[in-house]
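Okay, start08.cif now, which holds mmCIF, C-alpha atoms:
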data_upload
loop_
_atom_site.label_atom_id
_atom_site.label_comp_id
_atom_site.auth_asym_id
_atom_site.auth_seq_id
_atom_site.Cartn_x
_atom_site.Cartn_y
_atom_site.Cartn_z
CA MET Y 7 27.85 135.81 323.49
CA CYS Y 8 29.29 139.10 324.64
CA GLY Y 9 28.29 142.35 322.95
CA ALA Y 10 28.87 143.18 319.30
CA LYS Y 11 32.22 144.60 318.26
CA ALA Y 12 32.10 148.08 316.82
CA GLY Y 13 32.40 148.21 313.01
CA GLY Y 14 33.24 145.42 310.61
CA PRO Y 15 35.80 142.61 310.84
CA ASP Y 16 39.47 143.30 311.55
CA LEU Y 17 41.30 144.47 308.41
CA ALA Y 18 44.67 142.99 309.41
CA GLY Y 19 46.05 141.04 306.46
CA VAL Y 20 43.61 142.58 303.96
CA ASP Y 21 45.05 144.50 301.01
CA VAL Y 22 42.92 147.56 301.73
CA ALA Y 23 44.79 149.82 299.30
CA ASN Y 24 43.85 147.63 296.34
CA GLU Y 25 40.37 146.51 297.38
CA THR Y 26 37.02 148.27 297.59
CA ILE Y 27 35.64 147.11 300.91
CA ILE Y 28 32.18 147.51 302.40
CA GLN Y 29 31.84 146.03 305.87
CA GLY Y 30 30.07 146.48 309.16
CA SER Y 31 27.81 144.81 311.66
CA VAL Y 32 24.14 143.98 312.24
CA THR Y 33 22.89 144.50 315.77
CA ARG Y 34 19.68 144.65 317.77
CA ASP Y 35 19.87 146.68 321.00
CA GLY Y 36 23.64 146.54 320.74
CA GLU Y 37 23.76 142.74 320.49
CA PRO Y 38 24.92 140.93 317.34
CA VAL Y 39 22.20 139.37 315.19
CA ASN Y 40 22.63 136.24 313.12
CA GLY Y 41 21.27 136.82 309.67
CA TYR Y 42 22.33 137.66 306.14
CA VAL Y 43 23.49 140.76 304.31
CA ARG Y 44 22.88 141.18 300.58
CA LEU Y 45 24.79 143.59 298.35
CA LEU Y 46 22.69 145.14 295.58
CA ASP Y 47 24.17 147.28 292.81
CA GLU Y 48 23.04 150.72 291.71
CA GLY Y 49 20.28 149.18 289.60
CA GLY Y 50 19.03 147.15 292.56
CA GLU Y 51 20.43 143.91 291.10
CA PHE Y 52 21.70 141.30 293.51
CA THR Y 53 25.49 141.11 293.57
CA ALA Y 54 26.46 139.08 296.63
CA GLU Y 55 25.31 137.83 300.00
CA VAL Y 56 27.07 136.78 303.18
CA PRO Y 57 25.88 135.42 306.53
CA THR Y 58 26.77 137.62 309.50
CA SER Y 59 29.50 136.27 311.75
CA ALA Y 60 28.99 135.23 315.37
CA THR Y 61 29.76 138.84 316.26
CA GLY Y 62 27.21 140.15 313.73
CA GLN Y 63 29.84 141.31 311.26
CA PHE Y 64 30.03 141.17 307.46
CA ARG Y 65 32.38 142.22 304.64
CA PHE Y 66 32.18 142.60 300.85
CA PHE Y 67 34.89 143.13 298.26
CA ALA Y 68 33.13 145.32 295.72
CA ARG Y 69 34.07 148.06 293.28
CA PRO Y 70 33.78 151.83 293.64
CA GLY Y 71 30.23 153.13 293.35
CA LYS Y 72 26.81 153.29 294.97
CA TRP Y 73 25.44 150.15 296.60
CA THR Y 74 22.53 149.02 298.74
CA LEU Y 75 23.07 146.73 301.72
CA ARG Y 76 20.03 144.63 302.63
CA ALA Y 77 20.10 142.92 306.03
CA LEU Y 78 17.81 139.88 306.38
CA VAL Y 79 17.11 138.70 309.92
CA PRO Y 80 14.21 136.56 311.18
CA GLY Y 81 11.06 138.56 310.55
CA GLN Y 82 12.76 141.71 309.29
CA THR Y 83 14.53 143.29 306.31
CA VAL Y 84 16.53 146.55 306.55
CA ASP Y 85 18.17 148.48 303.66
CA ARG Y 86 21.14 150.92 303.84
CA GLN Y 87 22.62 152.97 300.96
CA VAL Y 88 26.42 153.22 300.81
CA VAL Y 89 29.09 154.71 298.54
CA ALA Y 90 32.28 152.65 298.26
CA SER Y 91 35.73 153.66 297.04
CA GLN Y 92 39.00 151.84 296.60
CA GLY Y 93 41.53 152.11 299.41
CA THR Y 94 39.16 153.00 302.25
CA ALA Y 95 36.92 150.43 303.89
CA VAL Y 96 33.36 151.74 304.28
CA GLU Y 97 32.00 150.89 307.73
CA VAL Y 98 28.23 150.42 308.03
CA ALA Y 99 26.45 149.79 311.32
CA ILE Y 100 22.98 148.33 310.74
CA ALA Y 101 20.60 148.32 313.71
CA VAL Y 102 17.48 146.18 313.26
CA MET L 5 8.13 115.20 286.92
CA SER L 6 6.54 117.72 289.24
CA ARG L 7 8.14 120.38 291.38
CA SER L 8 7.67 118.37 294.59
CA ASP L 9 9.68 115.48 293.12
CA VAL L 10 12.79 117.68 293.08
CA LEU L 11 12.09 120.45 295.60
CA VAL L 12 10.72 120.21 299.15
CA ASP L 13 9.91 122.90 301.68
CA ALA L 14 11.09 123.22 305.27
CA ASP L 15 7.87 121.74 306.71
CA TRP L 16 8.34 118.62 304.57
CA VAL L 17 11.85 118.18 305.94
CA GLN L 18 10.84 119.01 309.50
CA ALA L 19 8.28 116.20 309.40
CA ARG L 20 10.90 113.67 308.24
CA LEU L 21 13.90 114.44 310.45
CA ASP L 22 13.73 110.97 312.00
CA ASP L 23 12.87 109.02 308.84
CA PRO L 24 15.82 106.65 308.30
CA LYS L 25 15.14 106.49 304.54
CA VAL L 26 15.35 110.25 304.15
CA VAL L 27 18.96 111.43 304.30
CA ILE L 28 19.43 115.15 304.80
CA VAL L 29 22.76 116.37 303.47
CA GLU L 30 24.32 119.78 304.08
CA VAL L 31 26.66 121.09 301.38
CA ASP L 32 28.06 124.55 302.08
CA GLU L 33 30.43 126.91 300.39
CA ASP L 34 31.75 127.60 303.89
CA THR L 35 32.55 123.99 304.70
CA SER L 36 32.92 124.77 308.41
CA ALA L 37 29.30 125.94 308.75
CA TYR L 38 28.21 122.36 309.45
CA ASP L 39 30.56 122.16 312.45
CA LYS L 40 28.81 125.08 314.08
CA ASN L 41 25.35 123.63 313.61
CA HIS L 42 23.09 121.96 311.06
CA ILE L 43 19.61 120.51 310.65
CA ARG L 44 19.19 117.60 313.07
CA ASN L 45 20.32 114.26 311.60
CA ALA L 46 21.91 115.94 308.57
CA VAL L 47 25.24 114.59 307.34
CA ARG L 48 27.83 116.74 305.57
CA ILE L 49 29.34 116.56 302.12
CA ASP L 50 32.36 118.82 301.72
CA TRP L 51 32.33 120.15 298.14
CA LYS L 52 36.09 120.72 298.18
CA GLN L 53 37.37 117.58 299.88
CA ASP L 54 34.65 115.09 298.98
CA LEU L 55 33.53 116.08 295.48
CA GLN L 56 36.78 117.10 293.76
CA ASP L 57 39.61 114.97 292.44
CA PRO L 58 42.55 115.66 294.81
CA VAL L 59 45.07 116.08 291.97
CA ARG L 60 43.51 116.86 288.58
CA ARG L 61 40.97 119.59 288.01
CA ASP L 62 37.94 117.34 287.72
CA PHE L 63 35.35 115.92 290.01
CA ILE L 64 35.34 112.49 291.61
CA ASP L 65 34.74 109.53 289.33
CA GLN L 66 32.06 106.85 289.61
CA ALA L 67 34.09 104.74 292.08
CA GLY L 68 34.82 107.84 294.14
CA PHE L 69 31.15 108.74 294.27
CA GLU L 70 30.29 105.19 295.34
CA ALA L 71 32.88 105.30 298.11
CA LEU L 72 31.69 108.71 299.28
CA LEU L 73 28.02 107.82 299.50
CA SER L 74 28.78 104.45 301.08
CA ALA L 75 30.83 106.14 303.78
CA LYS L 76 28.08 108.71 304.38
CA GLY L 77 25.56 105.91 304.92
CA ILE L 78 23.46 106.75 301.87
CA ALA L 79 21.75 103.83 300.12
CA ASN L 80 20.58 103.70 296.51
CA ASP L 81 16.93 103.68 297.58
CA ASP L 82 17.22 106.56 300.06
CA THR L 83 15.57 109.89 299.45
CA VAL L 84 18.36 112.46 299.60
CA VAL L 85 17.50 116.05 300.53
CA LEU L 86 20.30 118.52 299.89
CA TYR L 87 20.54 121.96 301.44
CA GLY L 88 23.21 124.56 302.06
CA GLY L 89 24.07 128.17 302.55
CA ASN L 90 24.37 130.83 299.90
CA ASN L 91 20.91 130.11 298.49
CA ASN L 92 21.77 126.46 297.81
CA TRP L 93 24.64 127.16 295.39
CA PHE L 94 26.69 124.19 296.50
CA ALA L 95 23.68 122.07 297.33
CA SER L 96 22.60 122.55 293.70
CA TYR L 97 26.12 121.64 292.61
CA ALA L 98 25.89 118.43 294.67
CA TYR L 99 22.39 117.78 293.30
CA TRP L 100 23.87 117.87 289.81
CA TYR L 101 26.49 115.28 290.88
CA PHE L 102 23.78 113.02 292.31
CA LYS L 103 21.93 113.23 288.98
CA LEU L 104 25.14 112.79 287.00
CA TYR L 105 25.75 109.51 288.82
CA GLY L 106 22.12 108.44 288.56
CA HIS L 107 20.75 108.67 292.10
CA GLY L 108 17.04 107.85 292.00
CA ASP L 109 15.43 110.27 294.44
CA VAL L 110 17.27 113.49 295.22
CA ARG L 111 15.65 116.81 296.12
CA LEU L 112 16.63 120.30 297.24
CA LEU L 113 15.34 121.97 300.39
CA ASP L 114 13.75 125.16 299.04
CA GLY L 115 15.60 128.17 300.46
CA GLY L 116 18.31 126.00 301.99
CA ARG L 117 19.99 126.90 305.21
CA LYS L 118 19.06 130.58 304.97
CA LYS L 119 15.30 129.99 304.87
CA TRP L 120 15.63 127.47 307.70
CA GLU L 121 17.49 130.07 309.80
CA LEU L 122 15.16 132.95 308.90
CA ASP L 123 12.27 130.72 310.01
CA SER L 124 14.11 130.36 313.36
CA ARG L 125 13.99 126.57 313.06
CA ASP L 126 16.25 124.43 315.26
CA LEU L 127 19.85 123.68 314.34
CA VAL L 128 22.03 121.30 316.35
CA ALA L 129 25.74 120.49 316.66
CA GLU L 130 25.32 116.74 317.20
CA VAL L 131 26.61 114.62 314.31
CA PRO L 132 24.42 111.63 313.43
CA ALA L 133 25.87 108.12 313.04
CA ARG L 134 24.71 106.38 309.86
CA PRO L 135 25.92 102.83 309.18
CA ALA L 136 27.97 102.52 305.99
CA THR L 137 26.25 101.23 302.86
CA GLU L 138 27.41 99.64 299.62
CA TYR L 139 26.31 102.33 297.21
CA LYS L 140 26.35 101.59 293.48
CA ALA L 141 26.54 104.59 291.15
CA GLN L 142 25.70 104.62 287.46
CA ALA L 143 28.17 105.70 284.78
CA ALA L 144 28.42 109.50 284.57
CA ASP L 145 25.60 110.98 282.48
CA SER L 146 27.47 113.28 280.10
CA SER L 147 24.21 114.66 278.69
CA ILE L 148 24.07 117.18 281.56
CA ARG L 149 27.74 118.21 281.52
CA ALA L 150 29.35 120.60 279.03
CA PHE L 151 33.05 120.78 278.23
CA ARG L 152 34.97 123.71 276.78
CA ASP L 153 34.64 122.55 273.17
CA ASP L 154 30.87 122.29 273.62
CA VAL L 155 30.85 125.92 274.74
CA ILE L 156 32.93 127.15 271.80
CA ALA L 157 30.67 125.22 269.41
CA ALA L 158 27.61 126.77 271.07
CA ILE L 159 28.66 130.37 270.37
CA GLY L 160 25.97 131.90 268.19
CA ASN L 161 24.12 128.57 267.95
CA LEU L 162 22.75 127.42 271.30
CA ASN L 163 21.55 129.27 274.37
CA LEU L 164 24.53 130.26 276.48
CA VAL L 165 23.45 131.48 279.90
CA ASP L 166 26.07 133.28 281.98
CA VAL L 167 24.65 133.26 285.51
CA ARG L 168 27.30 135.41 287.19
CA SER L 169 26.62 138.88 288.55
CA PRO L 170 26.43 141.72 285.98
CA ASP L 171 29.85 143.04 287.05
CA GLU L 172 31.50 139.67 286.50
CA PHE L 173 29.76 139.32 283.12
CA SER L 174 30.82 142.75 281.89
CA GLY L 175 34.40 142.22 283.01
CA LYS L 176 34.51 144.64 285.95
CA LEU L 177 34.98 141.85 288.52
CA LEU L 178 36.59 138.41 288.30
CA ALA L 179 34.80 136.80 291.25
CA PRO L 180 31.69 137.31 293.36
CA ALA L 181 31.91 140.45 295.48
CA HIS L 182 32.19 138.62 298.81
CA LEU L 183 35.41 136.91 297.71
CA PRO L 184 38.84 138.54 297.24
CA GLN L 185 39.50 139.43 293.60
CA GLU L 186 42.62 137.33 293.25
CA GLN L 187 42.14 135.53 289.93
CA SER L 188 44.51 136.27 287.09
CA GLN L 189 42.62 135.10 283.99
CA ARG L 190 40.93 137.46 281.54
CA PRO L 191 37.60 139.03 282.51
CA GLY L 192 34.52 139.05 280.29
CA HIS L 193 32.09 136.48 278.93
CA VAL L 194 31.55 133.99 276.11
CA PRO L 195 30.29 135.79 272.99
CA SER L 196 26.52 135.44 272.45
CA ALA L 197 25.93 134.49 276.12
CA ARG L 198 23.01 136.16 277.86
CA ASN L 199 23.63 137.39 281.40
CA ILE L 200 20.85 136.04 283.59
CA PRO L 201 22.28 136.10 287.11
CA TRP L 202 21.40 133.05 289.20
CA ALA L 203 19.88 135.34 291.83
CA LYS L 204 17.00 136.19 289.48
CA ASN L 205 15.79 132.60 290.03
CA ALA L 206 15.35 133.14 293.74
CA ASN L 207 13.45 135.27 296.20
CA ASP L 208 15.30 137.20 298.94
CA ASP L 209 14.80 134.30 301.35
CA GLY L 210 16.48 131.89 298.95
CA THR L 211 13.36 130.04 297.82
CA PHE L 212 12.86 129.54 294.10
CA LYS L 213 10.38 131.70 292.21
CA SER L 214 7.30 130.02 290.76
CA ASP L 215 7.52 128.07 287.51
CA ASP L 216 5.54 130.79 285.72
CA GLU L 217 7.86 133.54 287.00
CA LEU L 218 10.92 131.52 286.01
CA LYS L 219 9.62 130.78 282.52
CA ALA L 220 8.76 134.46 282.03
CA LEU L 221 12.25 135.45 283.22
CA TYR L 222 14.07 133.33 280.64
CA GLU L 223 11.74 134.25 277.81
CA ALA L 224 12.02 137.97 278.64
CA GLU L 225 15.80 137.63 278.52
CA GLY L 226 15.62 136.28 274.99
CA ILE L 227 16.22 132.61 275.73
CA ASP L 228 14.53 130.34 273.20
CA LEU L 229 13.49 127.45 275.44
CA ALA L 230 13.11 125.22 272.37
CA LYS L 231 16.89 125.29 271.92
CA ASP L 232 19.60 123.43 273.83
CA THR L 233 21.23 125.40 276.62
CA ILE L 234 24.60 125.56 278.35
CA ALA L 235 24.85 127.39 281.67
CA TYR L 236 28.12 128.55 283.20
CA CYS L 237 29.45 130.76 285.98
CA ARG L 238 32.92 130.96 287.56
CA ILE L 239 33.46 127.40 288.81
CA GLY L 240 30.16 125.73 287.96
CA GLU L 241 28.25 125.90 291.23
CA ARG L 242 25.97 128.87 290.61
CA SER L 243 25.27 127.54 287.13
CA ALA L 244 24.29 124.21 288.71
CA LEU L 245 21.48 126.19 290.36
CA THR L 246 20.36 127.57 286.97
CA TRP L 247 20.70 124.07 285.51
CA PHE L 248 18.37 122.91 288.29
CA VAL L 249 15.84 125.61 287.37
CA LEU L 250 15.88 124.92 283.63
CA HIS L 251 16.22 121.13 283.65
CA GLU L 252 14.52 120.07 286.87
CA LEU L 253 11.90 122.74 287.60
CA LEU L 254 10.99 123.82 284.06
CA GLY L 255 11.64 120.38 282.57
CA GLN L 256 13.75 121.64 279.65
CA GLN L 257 15.59 118.92 277.74
CA ASN L 258 19.26 119.22 276.81
CA VAL L 259 20.48 121.62 279.44
CA LYS L 260 24.13 121.22 280.36
CA ASN L 261 26.19 122.71 283.16
CA TYR L 262 29.69 123.81 282.13
CA ASP L 263 31.60 123.14 285.35
CA GLY L 264 34.89 124.39 283.91
CA SER L 265 33.11 127.74 283.65
CA TRP L 266 34.90 131.07 283.56
CA THR L 267 38.00 129.94 285.46
CA GLU L 268 38.65 127.59 282.54
CA TYR L 269 37.23 129.54 279.60
CA GLY L 270 38.78 132.84 280.69
CA SER L 271 42.20 131.18 280.79
CA LEU L 272 42.06 129.47 277.37
CA VAL L 273 44.45 130.77 274.72
CA GLY L 274 42.86 132.14 271.59
CA VAL L 275 39.15 131.77 272.37
CA PRO L 276 36.84 134.72 271.69
CA ILE L 277 35.82 136.87 274.67
CA GLU L 278 33.39 139.76 274.85
CA LEU L 279 33.36 142.61 277.35
CA GLY L 280 30.46 144.79 278.42
CA SER L 281 26.85 144.30 279.44
CA ASN L 282 24.06 142.43 277.66
#
Structure translated into structure tokens:
Amino acid sequence: MCGAKAGGPDLAGVDVANETIIQGSVTRDGEPVNGYVRLLDEGGEFTAEVPTSATGQFRFFARPGKWTLRALVPGQTVDRQVVASQGTAVEVAIAV
Amino acid sequence: MSRSDVLVDADWVQARLDDPKVVIVEVDEDTSAYDKNHIRNAVRIDWKQDLQDPVRRDFIDQAGFEALLSAKGIANDDTVVLYGGNNNWFASYAYWYFKLYGHGDVRLLDGGRKKWELDSRDLVAEVPARPATEYKAQAADSSIRAFRDDVIAAIGNLNLVDVRSPDEFSGKLLAPAHLPQEQSQRPGHVPSARNIPWAKNANDDGTFKSDDELKALYEAEGIDLAKDTIAYCRIGERSALTWFVLHELLGQQNVKNYDGSWTEYGSLVGVPIELGSN
């Protein structure tokens, strides 16, 4: 595996204007990490979860508002707070 | 029935990877995940291609289930252990099929693929060869399946558990947040349903909470466990997980999964719909 790509997955073909997108990557020392990312709402309730891709990337289609991203990798859990809005993909780089 | 009759942990599976009478079956939402790697000696069931009728909106019939399990090399007296990604959503859905068609010994791997990966346990790409069997299924057990008229009749009478995320329940979203929001039917929920998202049944690593925690969860949410219950979600897979919790782990009688779920109910003409939170 070569190094992680910067940012989340390619947005080609995604209707960015009409979606509220939170995406990014999970890395350790610059290398992609296989794990899971959970999306929690403002009240801390679970909303969705995706596995990271081979390049460590993830993407959610959410709604505007405050969210918590929780990365789960072997032996470790890391949280990040994000604010999402429609029309602009939020990019989140999570180093573990 | 005890918890270990329906749910096994990763160590239990690890110790039986080479047991020919234990068939490990991966069922994933992402049906290509198996191609990348899987638990050694696991076979795949594809929930889209293998479990659904190719034309009508319905699942495979008794003969179809027999043909599927025969081709997968699963015998009537095998112990089947199901696991998958996404906290066992689709493995639970497949579990419900196995029960619907009367398989004797079927269990879930607690935590599914996620727990296995977070434990850094081995996954392989090699596909096992299992000789075909002549599997005989029982007639579909309709006592664990709800249809739309059952749901309408349950409004205000039985427990209706909507297991989708709070935003889907309230009508803000039409699908889980990791999927594009492309559906066209009306948002909302069935009147009198309680929103108890499936995720409340599970820990972060995908394992189920303890029986005591689960019982306390449903009671705190106002579910009268003495009453019959119908669980639903968007297409019936997440609610199969809640069905597993209520019927298999907590041993509640008369729990049905409504597999038509919101993609059917939210498209029906004239039925009552509520918006907003619990």
Legend entry - Result set, the PyMOL selection byres ((chain Y) within 10 of (chain L)) on current file, as a PyMOL selection string: chain Y and resi 20-21+24-28+40-42+44-45+47+51-57+64-69+76+78-83
Inset, instruction - Taking the file as shown, find all residues satisfying the PyMOL selection byres ((chain L and resi 187-200) around 6) and write them as a list in words. - result: Ile159, Gly160, Leu164, Val165, Asp166, Val167, Phe173, Ser174, Gly175, Leu178, Gln185, Glu186, Pro201, Gly270, Ser271, Ile277, Glu278 and Leu279 of chain L
Keeping only C-alpha atoms, write those residues as a PDB file, in the coordinates of the input.
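File produced: selection26.pdb:
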ATOM      1  CA  ILE L 159      28.660 130.370 270.370  1.00  0.00           C
ATOM      2  CA  GLY L 160      25.970 131.900 268.190  1.00  0.00           C
ATOM      3  CA  LEU L 164      24.530 130.260 276.480  1.00  0.00           C
ATOM      4  CA  VAL L 165      23.450 131.480 279.900  1.00  0.00           C
ATOM      5  CA  ASP L 166      26.070 133.280 281.980  1.00  0.00           C
ATOM      6  CA  VAL L 167      24.650 133.260 285.510  1.00  0.00           C
ATOM      7  CA  PHE L 173      29.760 139.320 283.120  1.00  0.00           C
ATOM      8  CA  SER L 174      30.820 142.750 281.890  1.00  0.00           C
ATOM      9  CA  GLY L 175      34.400 142.220 283.010  1.00  0.00           C
ATOM     10  CA  LEU L 178      36.590 138.410 288.300  1.00  0.00           C
ATOM     11  CA  GLN L 185      39.500 139.430 293.600  1.00  0.00           C
ATOM     12  CA  GLU L 186      42.620 137.330 293.250  1.00  0.00           C
ATOM     13  CA  PRO L 201      22.280 136.100 287.110  1.00  0.00           C
ATOM     14  CA  GLY L 270      38.780 132.840 280.690  1.00  0.00           C
ATOM     15  CA  SER L 271      42.200 131.180 280.790  1.00  0.00           C
ATOM     16  CA  ILE L 277      35.820 136.870 274.670  1.00  0.00           C
ATOM     17  CA  GLU L 278      33.390 139.760 274.850  1.00  0.00           C
ATOM     18  CA  LEU L 279      33.360 142.610 277.350  1.00  0.00           C
TER      19      LEU L 279
END
Hey, what comes out of the PyMOL selection byres ((chain L and resi 264-266) around 8) on this file? Could you write it as an mmCIF file with C-alpha atoms, keeping the file's coordinate frame?
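That gives us result-v3.cif:
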data_model
loop_
_atom_site.group_PDB
_atom_site.id
_atom_site.type_symbol
_atom_site.label_atom_id
_atom_site.label_comp_id
_atom_site.auth_asym_id
_atom_site.auth_seq_id
_atom_site.Cartn_x
_atom_site.Cartn_y
_atom_site.Cartn_z
ATOM 1 C CA PHE L 151 33.050 120.780 278.230
ATOM 2 C CA ARG L 152 34.970 123.710 276.780
ATOM 3 C CA HIS L 193 32.090 136.480 278.930
ATOM 4 C CA TYR L 236 28.120 128.550 283.200
ATOM 5 C CA CYS L 237 29.450 130.760 285.980
ATOM 6 C CA ARG L 238 32.920 130.960 287.560
ATOM 7 C CA ILE L 239 33.460 127.400 288.810
ATOM 8 C CA GLY L 240 30.160 125.730 287.960
ATOM 9 C CA TYR L 262 29.690 123.810 282.130
ATOM 10 C CA ASP L 263 31.600 123.140 285.350
ATOM 11 C CA THR L 267 38.000 129.940 285.460
ATOM 12 C CA GLU L 268 38.650 127.590 282.540
ATOM 13 C CA TYR L 269 37.230 129.540 279.600
ATOM 14 C CA GLY L 270 38.780 132.840 280.690
ATOM 15 C CA SER L 271 42.200 131.180 280.790
#
Legend entry - Distance of atom CA of Asn163 of chain L from atom CA of Val12 of chain L, expressed in Å to one decimal place: 28.5 Å
Inset, instruction - Might you pull out every residue within 9 Å of Asp85 of chain Y, with all atoms listed in the file counted and same-chain residues fewer than 2 positions away left off, and present them as a PyMOL selection string? - result: chain Y and resi 74-77+83+87+100
Mind dumping the selected residues with C-alpha atoms as a PDB file, in the frame of the given file?
ATOM      1  CA  THR Y  74      22.530 149.020 298.740  1.00  0.00           C
ATOM      2  CA  LEU Y  75      23.070 146.730 301.720  1.00  0.00           C
ATOM      3  CA  ARG Y  76      20.030 144.630 302.630  1.00  0.00           C
ATOM      4  CA  ALA Y  77      20.100 142.920 306.030  1.00  0.00           C
ATOM      5  CA  THR Y  83      14.530 143.290 306.310  1.00  0.00           C
ATOM      6  CA  GLN Y  87      22.620 152.970 300.960  1.00  0.00           C
ATOM      7  CA  ILE Y 100      22.980 148.330 310.740  1.00  0.00           C
TER       8      ILE Y 100
END
Legend entry - Separation of atom CA of Pro15 of chain Y from atom CA of Glu37 of chain Y, in Å and rounded to one decimal: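 Distance between the two atoms: 15.4 Å.
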Inset, instruction - Calculate how many Å separate atom CA of Ala75 of chain L from atom CA of Arg242 of chain L, rounding to one decimal. - result: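 Here the two named atoms are 26.7 Å from each other.
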Considering all atoms listed in the file, return as a PDB file with C-alpha atoms, keeping the file's coordinate frame whatever protein or nucleic-acid residues lie within 7 Å of Leu127 of chain L, sequence-local ones (same chain, fewer than 4 positions apart) excluded.
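In the end it all went to around_19.pdb:
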ATOM      1  CA  ASN L  41      25.350 123.630 313.610  1.00  0.00           C
ATOM      2  CA  HIS L  42      23.090 121.960 311.060  1.00  0.00           C
ATOM      3  CA  ILE L  43      19.610 120.510 310.650  1.00  0.00           C
ATOM      4  CA  ARG L  44      19.190 117.600 313.070  1.00  0.00           C
TER       5      ARG L  44
END
Legend entry - Distance criterion (all atoms listed in the file): nearest to Arg111 of chain L out of L:Asp54, L:Asp65, L:Glu130, L:Asp13: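 Closest candidate: L:Asp13.
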Using all atoms listed in the file, can you list as a PDB file with C-alpha atoms, keeping the file's coordinate frame the residues within 8 Å of (26.9, 151.9, 288.7)?
ATOM      1  CA  ASP Y  47      24.170 147.280 292.810  1.00  0.00           C
ATOM      2  CA  GLU Y  48      23.040 150.720 291.710  1.00  0.00           C
ATOM      3  CA  GLY Y  49      20.280 149.180 289.600  1.00  0.00           C
ATOM      4  CA  GLY Y  71      30.230 153.130 293.350  1.00  0.00           C
ATOM      5  CA  LYS Y  72      26.810 153.290 294.970  1.00  0.00           C
TER       6      LYS Y  72
END
